[in-house]
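I have placed the structure first, in the form of structure tokens, so that the comments after it can refer back to it.
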Number of protein chains: 2
Amino acid sequence: MELWYTEKQTENLGYSCKITKTLHTEKTDFQDLDMIETTQWGTMLVLDGMVMTTDKDEFVYHEMISHVALNTHPAPKKVMVIGGGDGGAIREIIKHPSVEKATLVEIDRRVVELSKEYLPAISCALDHPKVEVLYEDGIKHIKERKNYYDVILVDSTEPIGPAVGLFTVDFYQAVFDALKEDGIMVAQSESPFVNADLISDMHKRISGIFPVTRLYLASIPTYPSGLWSFTLGSKKHDPINFDDSTKLTYETKYYTPKLHKAAFQLPKFVEDLLK
Amino acid sequence: MELWYTEKQTENLGYSCKITKTLHTEKTDFQDLDMIETTQWGTMLVLDGMVMTTDKDEFVYHEMISHVALNTHPAPKKVMVIGGGDGGAIREIIKHPSVEKATLVEIDRRVVELSKEYLPAISCALDHPKVEVLYEDGIKHIKERKNYYDVILVDSTEPIGPAVGLFTVDFYQAVFDALKEDGIMVAQSESPFVNADLISDMHKRISGIFPVTRLYLASIPTYPSGLWSFTLGSKKHDPINFDDSTKLTYETKYYTPKLHKAAFQLPKFVEDLLK
């Protein structure tokens, strides 16, 4: 018997992976959570029927949501991730020696627990002494802090279910206020081929609050269309002024200093979404 | 009833599009050819069960296989496309005023005829006075010409079926010989996520013949993984030296001069494939 998992990426598109087994399936307090073993991409975390991460392509998302902001900031010390319970962003953040504390605020404890069990290569840094894991509402956490973080990464699911509040002006203003005077935020902002309106809307909302707002792209095969965007809001430092002759002190599989700059060069139809 | 077309992109991956109808299906002398109407991507050309092009995302592939070489060359006059019977590359080529003749050499006449019928927005330039369409073996055509073309684009299917000869050292040498002293070739070279070995092999073969060999990337949602590569071989001009402040004299939806340069900045794991 062949078993296939299919994500309906849109009403009209299906993405199917052959699987060898279902490792875990559960309805948590917040969402449906499945962990499956795929032949193509290794272990895959699925939330509410949508691929969140896989062993074999997770490096793209986690490196690109983290290193662009962390290398744009001259010396990030306090870094926070909202969502991202698999721990992949945290693993990248603690590669930066300046970081003193990396705080993960994940609303769903089961994502963290099951990622530790089934995705050890992604979650491996969650017990690092610099890392703090809080199981609480990210929006509430942000609203309780002022002038506190250097970098905030919004590593959310799609704007449905528990993540819907992470795409509002109100939230971005709270993020702005929770950042120090030269702080930077990055939020995953979906695919230009599939979610063009969302990208335009987020850009308007974030650029209404942050003096520097930039969109950048990365190629993530297991996400709809394979092309993914991130929206960066910065109070002071512009990511396109990063010196791309910088030498990294850590290993990466996707991010390079030159790609950091290149990722902001957008296809024409994506540039047009930001007008 | 819902109808879905599924391409098995690898043994372990399926890509499915909801379709409203099958416009045409035929076994030509060379391959299985299907033209279907998809809800997500509009009309789709499928050869031997693999998506070749669609109305809604074709612009990426056709702009990126064409404009990088044509803008690297200072004044391309004679340009040739092998394969590419849908006419998309030809449409982009004749946007360049320096081009005097664009020759399409397509082995399968039915691809051209059916693209004219069902993909008018892609094939629209095939009757342009500067365009010559030849129905013959591209390898034979290339081997009969020496020091003749300024730019040759290898717009092939995957290295199976009729295209297998387009991935050999022998063929690349013939392309080199058919190019003028400052000629440039570009060949589509599949996905770094799915066809890593092919990319390495092609790079070795082409760099063994051409003094300048460069890989660049573009995001094509209907191709496996969504990330696609092109290998450029050049006798003289280096595409990364292109002046990205150049103003285009024609409209594009993906290609921009800045993206021309950025497309050569590769993710680390892709850089490593070329070592």
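Residue numbering restarts at 1 in every chain; chains get A, B, ... in the order shown in the structure tokens, and ligands count up from 1 in that same order.
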Hand me chain A as it sits after a least-squares fit onto chain B over every Cα, paired in order, written as a PDB file with C-alpha atoms, in the first residue's frame.
ATOM      1  CA  MET A   1     -17.191  15.922 -10.309  1.00  0.00           C
ATOM      2  CA  GLU A   2     -13.756  17.401  -9.545  1.00  0.00           C
ATOM      3  CA  LEU A   3     -10.967  16.642 -12.014  1.00  0.00           C
ATOM      4  CA  TRP A   4      -7.344  16.900 -10.923  1.00  0.00           C
ATOM      5  CA  TYR A   5      -4.148  16.518 -12.946  1.00  0.00           C
ATOM      6  CA  THR A   6      -1.200  15.206 -10.939  1.00  0.00           C
ATOM      7  CA  GLU A   7       2.419  15.333 -12.027  1.00  0.00           C
ATOM      8  CA  LYS A   8       4.611  12.927 -10.142  1.00  0.00           C
ATOM      9  CA  GLN A   9       7.528  15.356  -9.806  1.00  0.00           C
ATOM     10  CA  THR A  10       9.648  12.655  -8.211  1.00  0.00           C
ATOM     11  CA  GLU A  11       8.803   9.119  -7.082  1.00  0.00           C
ATOM     12  CA  ASN A  12       7.796  10.683  -3.762  1.00  0.00           C
ATOM     13  CA  LEU A  13       6.180  13.997  -4.685  1.00  0.00           C
ATOM     14  CA  GLY A  14       2.938  14.825  -6.437  1.00  0.00           C
ATOM     15  CA  TYR A  15       1.850  18.228  -7.744  1.00  0.00           C
ATOM     16  CA  SER A  16      -1.873  18.458  -8.453  1.00  0.00           C
ATOM     17  CA  CYS A  17      -3.919  21.094 -10.230  1.00  0.00           C
ATOM     18  CA  LYS A  18      -7.697  21.196 -10.394  1.00  0.00           C
ATOM     19  CA  ILE A  19      -8.733  21.290 -14.038  1.00  0.00           C
ATOM     20  CA  THR A  20     -11.880  22.467 -15.751  1.00  0.00           C
ATOM     21  CA  LYS A  21     -11.224  20.633 -19.001  1.00  0.00           C
ATOM     22  CA  THR A  22      -8.816  18.793 -21.219  1.00  0.00           C
ATOM     23  CA  LEU A  23      -8.352  20.956 -24.295  1.00  0.00           C
ATOM     24  CA  HIS A  24      -6.308  18.514 -26.333  1.00  0.00           C
ATOM     25  CA  THR A  25      -4.505  15.226 -25.905  1.00  0.00           C
ATOM     26  CA  GLU A  26      -2.279  13.576 -28.476  1.00  0.00           C
ATOM     27  CA  LYS A  27       0.633  11.240 -28.942  1.00  0.00           C
ATOM     28  CA  THR A  28       2.924  13.076 -31.354  1.00  0.00           C
ATOM     29  CA  ASP A  29       5.826  11.438 -33.200  1.00  0.00           C
ATOM     30  CA  PHE A  30       8.047  12.428 -30.263  1.00  0.00           C
ATOM     31  CA  GLN A  31       6.077  12.583 -27.022  1.00  0.00           C
ATOM     32  CA  ASP A  32       2.723  12.634 -25.243  1.00  0.00           C
ATOM     33  CA  LEU A  33       1.247  16.121 -25.493  1.00  0.00           C
ATOM     34  CA  ASP A  34      -1.625  17.395 -23.353  1.00  0.00           C
ATOM     35  CA  MET A  35      -3.158  20.829 -23.132  1.00  0.00           C
ATOM     36  CA  ILE A  36      -5.368  21.302 -20.072  1.00  0.00           C
ATOM     37  CA  GLU A  37      -7.265  24.178 -18.488  1.00  0.00           C
ATOM     38  CA  THR A  38      -6.303  24.548 -14.816  1.00  0.00           C
ATOM     39  CA  THR A  39      -8.090  26.759 -12.305  1.00  0.00           C
ATOM     40  CA  GLN A  40      -4.887  27.966 -10.625  1.00  0.00           C
ATOM     41  CA  TRP A  41      -2.516  28.540 -13.538  1.00  0.00           C
ATOM     42  CA  GLY A  42      -4.737  28.844 -16.616  1.00  0.00           C
ATOM     43  CA  THR A  43      -3.898  26.817 -19.722  1.00  0.00           C
ATOM     44  CA  MET A  44      -1.104  24.317 -19.126  1.00  0.00           C
ATOM     45  CA  LEU A  45       1.090  22.461 -21.634  1.00  0.00           C
ATOM     46  CA  VAL A  46       2.113  18.995 -20.453  1.00  0.00           C
ATOM     47  CA  LEU A  47       4.723  16.893 -22.317  1.00  0.00           C
ATOM     48  CA  ASP A  48       5.289  13.271 -21.334  1.00  0.00           C
ATOM     49  CA  GLY A  49       3.381  13.945 -18.127  1.00  0.00           C
ATOM     50  CA  MET A  50       5.530  16.925 -17.056  1.00  0.00           C
ATOM     51  CA  VAL A  51       4.349  20.538 -16.809  1.00  0.00           C
ATOM     52  CA  MET A  52       6.165  22.560 -19.478  1.00  0.00           C
ATOM     53  CA  THR A  53       4.492  25.925 -19.153  1.00  0.00           C
ATOM     54  CA  THR A  54       1.317  27.626 -17.972  1.00  0.00           C
ATOM     55  CA  ASP A  55      -0.359  30.882 -18.904  1.00  0.00           C
ATOM     56  CA  LYS A  56       0.078  32.399 -15.458  1.00  0.00           C
ATOM     57  CA  ASP A  57       3.664  31.576 -14.489  1.00  0.00           C
ATOM     58  CA  GLU A  58       5.357  31.210 -17.892  1.00  0.00           C
ATOM     59  CA  PHE A  59       6.742  34.731 -17.692  1.00  0.00           C
ATOM     60  CA  VAL A  60       9.380  33.716 -15.142  1.00  0.00           C
ATOM     61  CA  TYR A  61      10.971  30.984 -17.217  1.00  0.00           C
ATOM     62  CA  HIS A  62      10.761  32.784 -20.548  1.00  0.00           C
ATOM     63  CA  GLU A  63      12.116  36.099 -19.292  1.00  0.00           C
ATOM     64  CA  MET A  64      14.894  34.486 -17.307  1.00  0.00           C
ATOM     65  CA  ILE A  65      16.120  32.092 -19.993  1.00  0.00           C
ATOM     66  CA  SER A  66      16.273  34.999 -22.483  1.00  0.00           C
ATOM     67  CA  HIS A  67      17.114  38.389 -21.009  1.00  0.00           C
ATOM     68  CA  VAL A  68      20.124  37.391 -18.924  1.00  0.00           C
ATOM     69  CA  ALA A  69      22.130  36.282 -21.971  1.00  0.00           C
ATOM     70  CA  LEU A  70      20.692  38.913 -24.315  1.00  0.00           C
ATOM     71  CA  ASN A  71      21.583  41.728 -21.927  1.00  0.00           C
ATOM     72  CA  THR A  72      25.007  40.275 -21.190  1.00  0.00           C
ATOM     73  CA  HIS A  73      25.822  40.286 -24.909  1.00  0.00           C
ATOM     74  CA  PRO A  74      26.466  43.868 -26.111  1.00  0.00           C
ATOM     75  CA  ALA A  75      24.494  43.515 -29.363  1.00  0.00           C
ATOM     76  CA  PRO A  76      22.992  40.091 -30.097  1.00  0.00           C
ATOM     77  CA  LYS A  77      21.877  39.835 -33.721  1.00  0.00           C
ATOM     78  CA  LYS A  78      21.400  36.150 -34.448  1.00  0.00           C
ATOM     79  CA  VAL A  79      19.714  34.254 -31.654  1.00  0.00           C
ATOM     80  CA  MET A  80      18.626  30.634 -31.636  1.00  0.00           C
ATOM     81  CA  VAL A  81      16.339  28.605 -29.396  1.00  0.00           C
ATOM     82  CA  ILE A  82      16.472  24.795 -29.318  1.00  0.00           C
ATOM     83  CA  GLY A  83      13.186  23.347 -28.152  1.00  0.00           C
ATOM     84  CA  GLY A  84      10.859  25.945 -26.677  1.00  0.00           C
ATOM     85  CA  GLY A  85       8.147  25.256 -29.231  1.00  0.00           C
ATOM     86  CA  ASP A  86       5.612  27.195 -27.176  1.00  0.00           C
ATOM     87  CA  GLY A  87       7.322  30.365 -28.418  1.00  0.00           C
ATOM     88  CA  GLY A  88       7.762  32.056 -25.031  1.00  0.00           C
ATOM     89  CA  ALA A  89      11.520  32.522 -25.332  1.00  0.00           C
ATOM     90  CA  ILE A  90      11.109  33.842 -28.885  1.00  0.00           C
ATOM     91  CA  ARG A  91       8.566  36.412 -27.645  1.00  0.00           C
ATOM     92  CA  GLU A  92      11.155  37.746 -25.183  1.00  0.00           C
ATOM     93  CA  ILE A  93      14.049  37.654 -27.666  1.00  0.00           C
ATOM     94  CA  ILE A  94      12.370  39.902 -30.200  1.00  0.00           C
ATOM     95  CA  LYS A  95      11.896  42.573 -27.536  1.00  0.00           C
ATOM     96  CA  HIS A  96      15.613  43.293 -28.068  1.00  0.00           C
ATOM     97  CA  PRO A  97      16.021  45.820 -30.905  1.00  0.00           C
ATOM     98  CA  SER A  98      19.490  44.547 -31.876  1.00  0.00           C
ATOM     99  CA  VAL A  99      18.092  41.135 -32.783  1.00  0.00           C
ATOM    100  CA  GLU A 100      17.874  40.682 -36.539  1.00  0.00           C
ATOM    101  CA  LYS A 101      16.848  37.053 -36.611  1.00  0.00           C
ATOM    102  CA  ALA A 102      15.463  34.696 -33.980  1.00  0.00           C
ATOM    103  CA  THR A 103      15.541  31.051 -35.022  1.00  0.00           C
ATOM    104  CA  LEU A 104      13.436  28.435 -33.265  1.00  0.00           C
ATOM    105  CA  VAL A 105      14.509  24.850 -33.890  1.00  0.00           C
ATOM    106  CA  GLU A 106      11.834  22.564 -32.523  1.00  0.00           C
ATOM    107  CA  ILE A 107      11.834  18.872 -33.273  1.00  0.00           C
ATOM    108  CA  ASP A 108       8.099  18.476 -32.654  1.00  0.00           C
ATOM    109  CA  ARG A 109       5.929  20.526 -35.002  1.00  0.00           C
ATOM    110  CA  ARG A 110       2.824  19.713 -32.970  1.00  0.00           C
ATOM    111  CA  VAL A 111       4.131  21.652 -29.942  1.00  0.00           C
ATOM    112  CA  VAL A 112       4.274  24.796 -32.074  1.00  0.00           C
ATOM    113  CA  GLU A 113       0.926  24.198 -33.757  1.00  0.00           C
ATOM    114  CA  LEU A 114      -0.948  23.495 -30.535  1.00  0.00           C
ATOM    115  CA  SER A 115       0.749  26.356 -28.674  1.00  0.00           C
ATOM    116  CA  LYS A 116      -0.452  28.705 -31.416  1.00  0.00           C
ATOM    117  CA  GLU A 117      -3.957  27.357 -30.927  1.00  0.00           C
ATOM    118  CA  TYR A 118      -4.164  27.176 -27.129  1.00  0.00           C
ATOM    119  CA  LEU A 119      -1.426  29.453 -25.757  1.00  0.00           C
ATOM    120  CA  PRO A 120      -1.713  32.608 -27.897  1.00  0.00           C
ATOM    121  CA  ALA A 121      -0.213  34.900 -25.223  1.00  0.00           C
ATOM    122  CA  ILE A 122       2.945  32.766 -25.193  1.00  0.00           C
ATOM    123  CA  SER A 123       3.243  31.888 -28.899  1.00  0.00           C
ATOM    124  CA  CYS A 124       2.242  35.351 -30.166  1.00  0.00           C
ATOM    125  CA  ALA A 125       5.632  36.213 -31.695  1.00  0.00           C
ATOM    126  CA  LEU A 126       6.133  33.052 -33.729  1.00  0.00           C
ATOM    127  CA  ASP A 127       4.826  34.752 -36.886  1.00  0.00           C
ATOM    128  CA  HIS A 128       6.934  37.890 -36.374  1.00  0.00           C
ATOM    129  CA  PRO A 129       8.991  38.764 -39.508  1.00  0.00           C
ATOM    130  CA  LYS A 130      12.278  38.416 -37.579  1.00  0.00           C
ATOM    131  CA  VAL A 131      11.372  34.882 -36.511  1.00  0.00           C
ATOM    132  CA  GLU A 132      12.253  31.682 -38.361  1.00  0.00           C
ATOM    133  CA  VAL A 133      10.740  28.390 -37.177  1.00  0.00           C
ATOM    134  CA  LEU A 134      12.491  25.182 -38.250  1.00  0.00           C
ATOM    135  CA  TYR A 135      11.166  21.716 -37.528  1.00  0.00           C
ATOM    136  CA  GLU A 136      14.319  19.713 -37.260  1.00  0.00           C
ATOM    137  CA  ASP A 137      16.743  18.110 -34.852  1.00  0.00           C
ATOM    138  CA  GLY A 138      18.421  20.875 -32.858  1.00  0.00           C
ATOM    139  CA  ILE A 139      21.630  18.916 -32.453  1.00  0.00           C
ATOM    140  CA  LYS A 140      21.958  18.403 -36.209  1.00  0.00           C
ATOM    141  CA  HIS A 141      21.190  22.103 -36.810  1.00  0.00           C
ATOM    142  CA  ILE A 142      23.873  23.198 -34.349  1.00  0.00           C
ATOM    143  CA  LYS A 143      26.482  20.845 -35.780  1.00  0.00           C
ATOM    144  CA  GLU A 144      25.967  22.291 -39.268  1.00  0.00           C
ATOM    145  CA  ARG A 145      26.764  25.862 -38.143  1.00  0.00           C
ATOM    146  CA  LYS A 146      30.134  27.319 -37.161  1.00  0.00           C
ATOM    147  CA  ASN A 147      30.800  30.806 -35.764  1.00  0.00           C
ATOM    148  CA  TYR A 148      27.232  31.778 -36.591  1.00  0.00           C
ATOM    149  CA  TYR A 149      24.997  32.638 -33.605  1.00  0.00           C
ATOM    150  CA  ASP A 150      25.421  35.327 -30.940  1.00  0.00           C
ATOM    151  CA  VAL A 151      23.208  33.607 -28.406  1.00  0.00           C
ATOM    152  CA  ILE A 152      21.893  30.031 -28.190  1.00  0.00           C
ATOM    153  CA  LEU A 153      19.189  29.126 -25.662  1.00  0.00           C
ATOM    154  CA  VAL A 154      18.632  25.466 -24.834  1.00  0.00           C
ATOM    155  CA  ASP A 155      14.979  25.447 -23.823  1.00  0.00           C
ATOM    156  CA  SER A 156      14.698  21.708 -23.377  1.00  0.00           C
ATOM    157  CA  THR A 157      12.571  19.251 -21.485  1.00  0.00           C
ATOM    158  CA  GLU A 158      14.159  17.097 -18.794  1.00  0.00           C
ATOM    159  CA  PRO A 159      17.078  14.877 -19.859  1.00  0.00           C
ATOM    160  CA  ILE A 160      14.818  12.000 -20.802  1.00  0.00           C
ATOM    161  CA  GLY A 161      13.005  11.337 -24.085  1.00  0.00           C
ATOM    162  CA  PRO A 162      13.834  13.596 -27.063  1.00  0.00           C
ATOM    163  CA  ALA A 163      16.024  15.958 -24.962  1.00  0.00           C
ATOM    164  CA  VAL A 164      18.612  13.487 -23.708  1.00  0.00           C
ATOM    165  CA  GLY A 165      21.229  14.508 -26.309  1.00  0.00           C
ATOM    166  CA  LEU A 166      21.022  18.140 -25.160  1.00  0.00           C
ATOM    167  CA  PHE A 167      22.874  17.384 -21.916  1.00  0.00           C
ATOM    168  CA  THR A 168      26.113  15.923 -23.350  1.00  0.00           C
ATOM    169  CA  VAL A 169      29.673  17.296 -23.656  1.00  0.00           C
ATOM    170  CA  ASP A 170      29.501  16.587 -27.360  1.00  0.00           C
ATOM    171  CA  PHE A 171      26.463  18.849 -27.676  1.00  0.00           C
ATOM    172  CA  TYR A 172      27.940  21.681 -25.594  1.00  0.00           C
ATOM    173  CA  GLN A 173      31.077  21.586 -27.767  1.00  0.00           C
ATOM    174  CA  ALA A 174      28.884  21.879 -30.872  1.00  0.00           C
ATOM    175  CA  VAL A 175      27.088  24.844 -29.290  1.00  0.00           C
ATOM    176  CA  PHE A 176      30.463  26.454 -28.542  1.00  0.00           C
ATOM    177  CA  ASP A 177      31.515  26.003 -32.165  1.00  0.00           C
ATOM    178  CA  ALA A 178      28.210  27.348 -33.498  1.00  0.00           C
ATOM    179  CA  LEU A 179      28.616  30.543 -31.478  1.00  0.00           C
ATOM    180  CA  LYS A 180      30.551  33.586 -32.639  1.00  0.00           C
ATOM    181  CA  GLU A 181      33.720  34.591 -30.809  1.00  0.00           C
ATOM    182  CA  ASP A 182      31.813  36.439 -28.099  1.00  0.00           C
ATOM    183  CA  GLY A 183      28.762  34.172 -28.086  1.00  0.00           C
ATOM    184  CA  ILE A 184      26.735  33.025 -25.084  1.00  0.00           C
ATOM    185  CA  MET A 185      24.665  29.927 -24.388  1.00  0.00           C
ATOM    186  CA  VAL A 186      22.055  29.353 -21.682  1.00  0.00           C
ATOM    187  CA  ALA A 187      20.569  25.953 -20.866  1.00  0.00           C
ATOM    188  CA  GLN A 188      17.803  25.240 -18.389  1.00  0.00           C
ATOM    189  CA  SER A 189      19.386  23.026 -15.744  1.00  0.00           C
ATOM    190  CA  GLU A 190      16.591  21.806 -13.448  1.00  0.00           C
ATOM    191  CA  SER A 191      16.137  22.222  -9.682  1.00  0.00           C
ATOM    192  CA  PRO A 192      18.907  22.336  -7.063  1.00  0.00           C
ATOM    193  CA  PHE A 193      16.564  20.706  -4.544  1.00  0.00           C
ATOM    194  CA  VAL A 194      15.588  17.808  -6.802  1.00  0.00           C
ATOM    195  CA  ASN A 195      18.299  17.462  -9.469  1.00  0.00           C
ATOM    196  CA  ALA A 196      21.495  18.414  -7.629  1.00  0.00           C
ATOM    197  CA  ASP A 197      23.673  15.867  -9.453  1.00  0.00           C
ATOM    198  CA  LEU A 198      22.536  17.071 -12.869  1.00  0.00           C
ATOM    199  CA  ILE A 199      23.466  20.662 -11.989  1.00  0.00           C
ATOM    200  CA  SER A 200      26.943  19.604 -10.860  1.00  0.00           C
ATOM    201  CA  ASP A 201      27.442  17.486 -13.976  1.00  0.00           C
ATOM    202  CA  MET A 202      26.258  20.185 -16.386  1.00  0.00           C
ATOM    203  CA  HIS A 203      28.453  22.756 -14.696  1.00  0.00           C
ATOM    204  CA  LYS A 204      31.495  20.510 -15.075  1.00  0.00           C
ATOM    205  CA  ARG A 205      30.702  19.778 -18.711  1.00  0.00           C
ATOM    206  CA  ILE A 206      30.007  23.379 -19.728  1.00  0.00           C
ATOM    207  CA  SER A 207      32.888  24.877 -17.733  1.00  0.00           C
ATOM    208  CA  GLY A 208      35.215  22.400 -19.445  1.00  0.00           C
ATOM    209  CA  ILE A 209      34.401  24.132 -22.730  1.00  0.00           C
ATOM    210  CA  PHE A 210      33.388  27.749 -22.021  1.00  0.00           C
ATOM    211  CA  PRO A 211      35.804  30.201 -20.349  1.00  0.00           C
ATOM    212  CA  VAL A 212      32.935  31.755 -18.332  1.00  0.00           C
ATOM    213  CA  THR A 213      30.341  29.438 -16.748  1.00  0.00           C
ATOM    214  CA  ARG A 214      27.723  30.741 -14.311  1.00  0.00           C
ATOM    215  CA  LEU A 215      24.614  29.322 -12.659  1.00  0.00           C
ATOM    216  CA  TYR A 216      21.615  31.497 -11.894  1.00  0.00           C
ATOM    217  CA  LEU A 217      18.225  30.869 -10.320  1.00  0.00           C
ATOM    218  CA  ALA A 218      14.576  31.813 -10.723  1.00  0.00           C
ATOM    219  CA  SER A 219      11.336  30.878  -8.945  1.00  0.00           C
ATOM    220  CA  ILE A 220       8.919  28.884 -11.079  1.00  0.00           C
ATOM    221  CA  PRO A 221       5.963  27.593  -9.048  1.00  0.00           C
ATOM    222  CA  THR A 222       4.862  24.840 -11.435  1.00  0.00           C
ATOM    223  CA  TYR A 223       8.314  23.225 -11.676  1.00  0.00           C
ATOM    224  CA  PRO A 224       9.540  20.739  -9.047  1.00  0.00           C
ATOM    225  CA  SER A 225      10.500  22.527  -5.791  1.00  0.00           C
ATOM    226  CA  GLY A 226       9.669  25.941  -7.274  1.00  0.00           C
ATOM    227  CA  LEU A 227      13.367  26.817  -7.614  1.00  0.00           C
ATOM    228  CA  TRP A 228      14.879  26.482 -11.066  1.00  0.00           C
ATOM    229  CA  SER A 229      18.407  26.876 -12.397  1.00  0.00           C
ATOM    230  CA  PHE A 230      19.954  27.993 -15.652  1.00  0.00           C
ATOM    231  CA  THR A 231      23.552  27.363 -16.655  1.00  0.00           C
ATOM    232  CA  LEU A 232      25.179  30.060 -18.788  1.00  0.00           C
ATOM    233  CA  GLY A 233      28.324  29.462 -20.800  1.00  0.00           C
ATOM    234  CA  SER A 234      30.052  32.456 -22.359  1.00  0.00           C
ATOM    235  CA  LYS A 235      33.096  32.852 -24.579  1.00  0.00           C
ATOM    236  CA  LYS A 236      33.893  36.382 -23.427  1.00  0.00           C
ATOM    237  CA  HIS A 237      31.250  38.442 -21.604  1.00  0.00           C
ATOM    238  CA  ASP A 238      30.587  37.720 -17.937  1.00  0.00           C
ATOM    239  CA  PRO A 239      26.914  38.123 -16.943  1.00  0.00           C
ATOM    240  CA  ILE A 240      27.817  39.275 -13.456  1.00  0.00           C
ATOM    241  CA  ASN A 241      29.553  42.343 -14.926  1.00  0.00           C
ATOM    242  CA  PHE A 242      26.257  43.575 -16.365  1.00  0.00           C
ATOM    243  CA  ASP A 243      25.512  47.196 -15.412  1.00  0.00           C
ATOM    244  CA  ASP A 244      22.380  46.893 -13.295  1.00  0.00           C
ATOM    245  CA  SER A 245      21.552  50.574 -13.655  1.00  0.00           C
ATOM    246  CA  THR A 246      20.641  49.850 -17.297  1.00  0.00           C
ATOM    247  CA  LYS A 247      17.106  50.941 -18.230  1.00  0.00           C
ATOM    248  CA  LEU A 248      15.059  48.357 -20.080  1.00  0.00           C
ATOM    249  CA  THR A 249      13.321  49.404 -23.286  1.00  0.00           C
ATOM    250  CA  TYR A 250      10.634  46.745 -22.882  1.00  0.00           C
ATOM    251  CA  GLU A 251       8.164  45.503 -20.283  1.00  0.00           C
ATOM    252  CA  THR A 252       8.850  42.538 -18.026  1.00  0.00           C
ATOM    253  CA  LYS A 253       7.018  40.872 -15.152  1.00  0.00           C
ATOM    254  CA  TYR A 254       9.953  39.095 -13.477  1.00  0.00           C
ATOM    255  CA  TYR A 255      13.319  40.175 -14.917  1.00  0.00           C
ATOM    256  CA  THR A 256      14.866  43.452 -13.812  1.00  0.00           C
ATOM    257  CA  PRO A 257      18.486  44.579 -14.276  1.00  0.00           C
ATOM    258  CA  LYS A 258      19.024  44.359 -10.516  1.00  0.00           C
ATOM    259  CA  LEU A 259      17.515  40.876 -10.395  1.00  0.00           C
ATOM    260  CA  HIS A 260      19.821  39.890 -13.287  1.00  0.00           C
ATOM    261  CA  LYS A 261      22.770  40.337 -10.928  1.00  0.00           C
ATOM    262  CA  ALA A 262      21.006  39.043  -7.813  1.00  0.00           C
ATOM    263  CA  ALA A 263      20.031  35.794  -9.563  1.00  0.00           C
ATOM    264  CA  PHE A 264      23.724  34.786  -9.584  1.00  0.00           C
ATOM    265  CA  GLN A 265      24.001  35.031  -5.795  1.00  0.00           C
ATOM    266  CA  LEU A 266      23.420  31.417  -4.864  1.00  0.00           C
ATOM    267  CA  PRO A 267      22.309  29.775  -1.641  1.00  0.00           C
ATOM    268  CA  LYS A 268      25.240  28.082   0.087  1.00  0.00           C
ATOM    269  CA  PHE A 269      24.104  24.542  -0.766  1.00  0.00           C
ATOM    270  CA  VAL A 270      23.857  25.511  -4.451  1.00  0.00           C
ATOM    271  CA  GLU A 271      27.305  27.155  -4.440  1.00  0.00           C
ATOM    272  CA  ASP A 272      28.592  23.877  -3.052  1.00  0.00           C
ATOM    273  CA  LEU A 273      27.166  21.942  -6.021  1.00  0.00           C
ATOM    274  CA  LEU A 274      29.563  23.813  -8.306  1.00  0.00           C
ATOM    275  CA  LYS A 275      32.767  23.011  -6.426  1.00  0.00           C
TER     276      LYS A 275
END
DSSP strand (DSSP E) selection over segment 66-237 of chain B, as a PyMOL selection string: chain B and resi 78-83+101-105+131-134+149-155+179-188+212-219+227-234
How would you write, as a ChimeraX atom specification, the set of residues in segment 111-155 of chain A that DSSP gives as helix (DSSP H, G or I)? /A:111-118,120-123,138-143
Next, write the just-selected residues to a file, as an mmCIF file, in the first residue's frame, keeping C-alpha atoms as the atom set.
data_model
loop_
_atom_site.group_PDB
_atom_site.id
_atom_site.type_symbol
_atom_site.label_atom_id
_atom_site.label_comp_id
_atom_site.auth_asym_id
_atom_site.auth_seq_id
_atom_site.Cartn_x
_atom_site.Cartn_y
_atom_site.Cartn_z
ATOM 1 C CA VAL A 111 4.488 21.912 19.304
ATOM 2 C CA VAL A 112 7.641 22.296 21.393
ATOM 3 C CA GLU A 113 7.293 18.938 23.123
ATOM 4 C CA LEU A 114 6.682 16.979 19.933
ATOM 5 C CA SER A 115 9.398 18.843 18.016
ATOM 6 C CA LYS A 116 11.855 17.841 20.742
ATOM 7 C CA GLU A 117 10.745 14.246 20.311
ATOM 8 C CA TYR A 118 10.534 13.979 16.519
ATOM 9 C CA PRO A 120 15.794 16.805 17.188
ATOM 10 C CA ALA A 121 17.946 18.425 14.467
ATOM 11 C CA ILE A 122 15.600 21.428 14.427
ATOM 12 C CA SER A 123 14.748 21.713 18.140
ATOM 13 C CA GLY A 138 2.768 36.152 22.059
ATOM 14 C CA ILE A 139 0.589 39.214 21.641
ATOM 15 C CA LYS A 140 0.100 39.553 25.399
ATOM 16 C CA HIS A 141 3.850 39.048 25.962
ATOM 17 C CA ILE A 142 4.730 41.768 23.455
ATOM 18 C CA LYS A 143 2.220 44.228 24.885
#
